[in-house]
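Q: Enclosed is the structure file work01.cif (mmCIF, C-alpha atoms).
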data_final
#
loop_
_atom_site.label_atom_id
_atom_site.label_comp_id
_atom_site.auth_asym_id
_atom_site.auth_seq_id
_atom_site.Cartn_x
_atom_site.Cartn_y
_atom_site.Cartn_z
CA MET A 24 193.48 158.30 153.94
CA ASP A 25 196.91 156.67 153.94
CA ILE A 26 200.37 158.28 153.99
CA PHE A 27 200.54 158.39 150.18
CA ASP A 28 197.31 160.38 149.89
CA ILE A 29 198.25 162.72 152.74
CA ARG A 30 201.63 163.44 151.16
CA ILE A 31 200.11 164.08 147.71
CA GLU A 32 197.60 166.47 149.25
CA LYS A 33 200.39 168.41 151.00
CA LEU A 34 202.49 168.53 147.82
CA LYS A 35 199.53 169.78 145.77
CA ASN A 36 198.61 172.42 148.36
CA LYS A 37 202.18 173.75 148.45
CA TYR A 38 202.42 173.73 144.64
CA ASN A 39 199.10 175.56 144.24
CA GLU A 40 200.17 178.12 146.83
CA ILE A 41 203.34 178.85 144.85
CA ILE A 42 201.81 179.06 141.38
CA THR A 43 198.83 181.18 142.47
CA ARG A 44 200.60 183.70 144.70
CA LYS A 45 200.73 187.23 143.45
CA ASN A 46 204.11 188.81 143.04
CA GLU A 47 204.71 192.00 145.00
CA PRO A 48 206.95 194.90 144.02
CA GLU A 49 209.82 195.62 146.37
CA GLU A 50 209.53 198.88 148.23
CA ILE A 51 212.78 200.50 147.20
CA GLY A 52 213.94 200.43 143.61
CA ASN A 53 216.49 202.23 141.53
CA GLY A 54 213.97 204.52 139.82
CA ILE A 55 214.41 202.86 136.44
CA TYR A 56 212.57 199.56 136.79
CA THR A 57 210.60 197.71 139.43
CA ARG A 58 212.03 194.64 141.14
CA TYR A 59 209.66 192.02 142.50
CA LYS A 60 209.79 189.96 145.67
CA TYR A 61 209.53 186.50 144.07
CA PRO A 62 211.44 185.18 141.06
CA ILE A 63 208.98 184.41 138.28
CA LEU A 64 210.30 180.83 138.00
CA THR A 65 212.06 178.53 140.44
CA LYS A 66 212.37 174.78 140.78
CA GLU A 67 209.23 174.89 142.95
CA HIS A 68 207.23 175.87 139.85
CA ILE A 69 207.95 172.56 138.10
CA PRO A 70 204.67 170.60 137.73
CA LEU A 71 204.31 167.76 140.22
CA GLU A 72 203.56 165.35 137.36
CA TRP A 73 207.10 165.90 136.08
CA ILE A 74 208.74 165.23 139.43
CA TYR A 75 206.59 162.35 140.69
CA ASP A 76 204.84 159.32 139.31
CA LEU A 77 201.56 160.06 141.09
CA ASN A 78 200.28 156.50 140.69
CA LYS A 79 200.07 154.69 144.04
CA ASP A 80 200.54 151.28 142.35
CA THR A 81 203.75 152.14 140.49
CA ASN A 82 205.20 154.57 143.06
CA PRO A 83 203.83 153.56 146.49
CA PHE A 84 206.50 155.55 148.40
CA LEU A 85 205.96 158.69 146.28
CA MET A 86 209.63 158.94 145.39
CA GLU A 87 210.89 161.60 143.01
CA ARG A 88 211.57 160.40 139.48
CA LEU A 89 212.99 163.68 138.23
CA GLY A 90 215.12 165.75 140.58
CA ILE A 91 215.35 169.43 139.67
CA ASN A 92 218.36 171.43 140.80
CA ALA A 93 217.54 174.83 139.32
CA VAL A 94 215.56 176.78 136.73
CA PHE A 95 217.36 179.47 134.79
CA ASN A 96 215.15 182.27 133.49
CA ALA A 97 215.45 183.26 129.87
CA GLY A 98 214.29 186.39 128.15
CA ALA A 99 210.54 186.68 127.75
CA ILE A 100 208.57 187.32 124.58
CA TYR A 101 204.98 188.41 124.20
CA PHE A 102 203.15 185.78 122.14
CA GLU A 103 199.42 185.26 121.61
CA ASP A 104 198.40 187.61 124.44
CA LYS A 105 200.79 186.01 126.99
CA PHE A 106 204.37 186.36 128.09
CA VAL A 107 206.27 183.17 127.28
CA LEU A 108 209.60 181.98 128.69
CA VAL A 109 211.70 179.12 127.42
CA THR A 110 213.90 178.22 130.36
CA ARG A 111 216.79 175.89 130.93
CA VAL A 112 216.03 173.41 133.68
CA GLU A 113 218.93 171.63 135.36
CA GLY A 114 218.48 168.21 136.97
CA TYR A 115 220.28 166.75 139.96
CA ASP A 116 222.56 164.99 137.46
CA ARG A 117 223.54 168.43 136.03
CA LYS A 118 221.94 167.58 132.68
CA SER A 119 219.67 170.26 131.28
CA PHE A 120 216.49 170.40 129.25
CA PHE A 121 214.25 173.20 128.09
CA ALA A 122 210.80 173.94 129.50
CA VAL A 123 208.14 176.48 128.54
CA ALA A 124 206.35 178.69 131.03
CA GLU A 125 203.72 181.33 130.50
CA SER A 126 202.45 184.36 132.35
CA GLU A 127 199.39 186.50 131.79
CA ASN A 128 201.15 189.67 132.96
CA GLY A 129 204.91 188.97 132.92
CA ILE A 130 205.11 189.14 136.72
CA ASP A 131 203.21 186.08 137.95
CA SER A 132 203.97 182.62 136.55
CA LYS A 133 202.23 179.44 135.55
CA CYS A 134 204.10 176.46 134.12
CA ILE A 135 202.65 174.74 131.06
#
Just give me the structure of the file as structure tokens.

A:
Amino acid sequence: MDIFDIRIEKLKNKYNEIITRKNEPEEIGNGIYTRYKYPILTKEHIPLEWIYDLNKDTNPFLMERLGINAVFNAGAIYFEDKFVLVTRVEGYDRKSFFAVAESENGIDSKCI
């Protein structure tokens, strides 16, 4: 295994850890609604295929091709048995684009 493969493995492990973790309610709330420990979407939820060219021949140093500065959560809708968010994603260059994310329960996230 070379450095490229080791780095990809670490990136994939971290990404899978983030997208599969269960969200936990915070202990103390205001009595009206429940706040959760983790935001449903952050820049860490962006799929690795968007950020990196994962081909060793075209990107041997595994450099980022798309830098993400932030993900701004939008209102959710319930659509086809899932909660769906259309979010604004801001790049390092401050330009934005829209991305779609889905959640089975509205608390845990999975980017699509």

Q: Any chance you could resolve the PyMOL selection byres ((chain A and resi 38-54) around 12) against this file and give the residues as a ChimeraX atom specification?

A: /A:31-37,55-72,74,124-135

Q: For range 116-119 of chain A, please output as an NGL selection string all residues within 9 Å (counting all atoms listed in the file; exclusion window: fewer than 2 positions along the same chain).

A: :A and (90-92 or 111-114 or 121)

Q: Please put the answer as lines of an AutoDock Vina configuration file: centre and edge lengths, in Å with one decimal, of a box along x, y and z that encloses all listed atoms of range 30-37 of chain A plus 3 Å on each side.

A:
center_x = 200.0
center_y = 168.6
center_z = 148.5
size_x = 10.9
size_y = 16.3
size_z = 11.4

Q: To one decimal in Å, tell me the separation between CA of Tyr75 in chain A and CA of Leu89 in chain A.

A: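 Atom-to-atom, CA of Tyr75 in chain A to CA of Leu89 in chain A, that is 7.0 Å.
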
Q: Looking at only C-alpha atoms, which of A:Val109, A:Trp73, A:Gly98, A:Phe120 is the one that sits closest to Met86 in chain A?

A: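 Using only C-alpha atoms, the shortest distance to Met86 in chain A belongs to A:Trp73.
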
Q: How many Å lie between CA of Val94 in chain A and CA of Leu77 in chain A, rounded to one decimal?

A: 22.2 Å

Q: Figure out the distance between CA of Arg30 in chain A and CA of Asn78 in chain A, please, to one decimal in Å.

A: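 About the pair CA of Asn78 in chain A and CA of Arg30 in chain A: they are 12.6 Å apart.
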
Q: Find the spatial neighbours of Ala99 in chain A, counting only C-alpha atoms, within a cut-off of 8 Å - ignore same-chain residues fewer than 2 positions away - and output them as a PyMOL selection string.

A: chain A and resi 97+101+106-109+129

Q: Please produce a file of the residues just selected, as a short mmCIF file (atom, residue, chain, number, x, y, z; two decimals), in the frame of the given file, where the atoms kept are C-alpha atoms.

A:
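See again.cif below for the written result:
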data_model
loop_
_atom_site.label_atom_id
_atom_site.label_comp_id
_atom_site.auth_asym_id
_atom_site.auth_seq_id
_atom_site.Cartn_x
_atom_site.Cartn_y
_atom_site.Cartn_z
CA ALA A 97 215.45 183.26 129.87
CA TYR A 101 204.98 188.41 124.20
CA PHE A 106 204.37 186.36 128.09
CA VAL A 107 206.27 183.17 127.28
CA LEU A 108 209.60 181.98 128.69
CA VAL A 109 211.70 179.12 127.42
CA GLY A 129 204.91 188.97 132.92
#
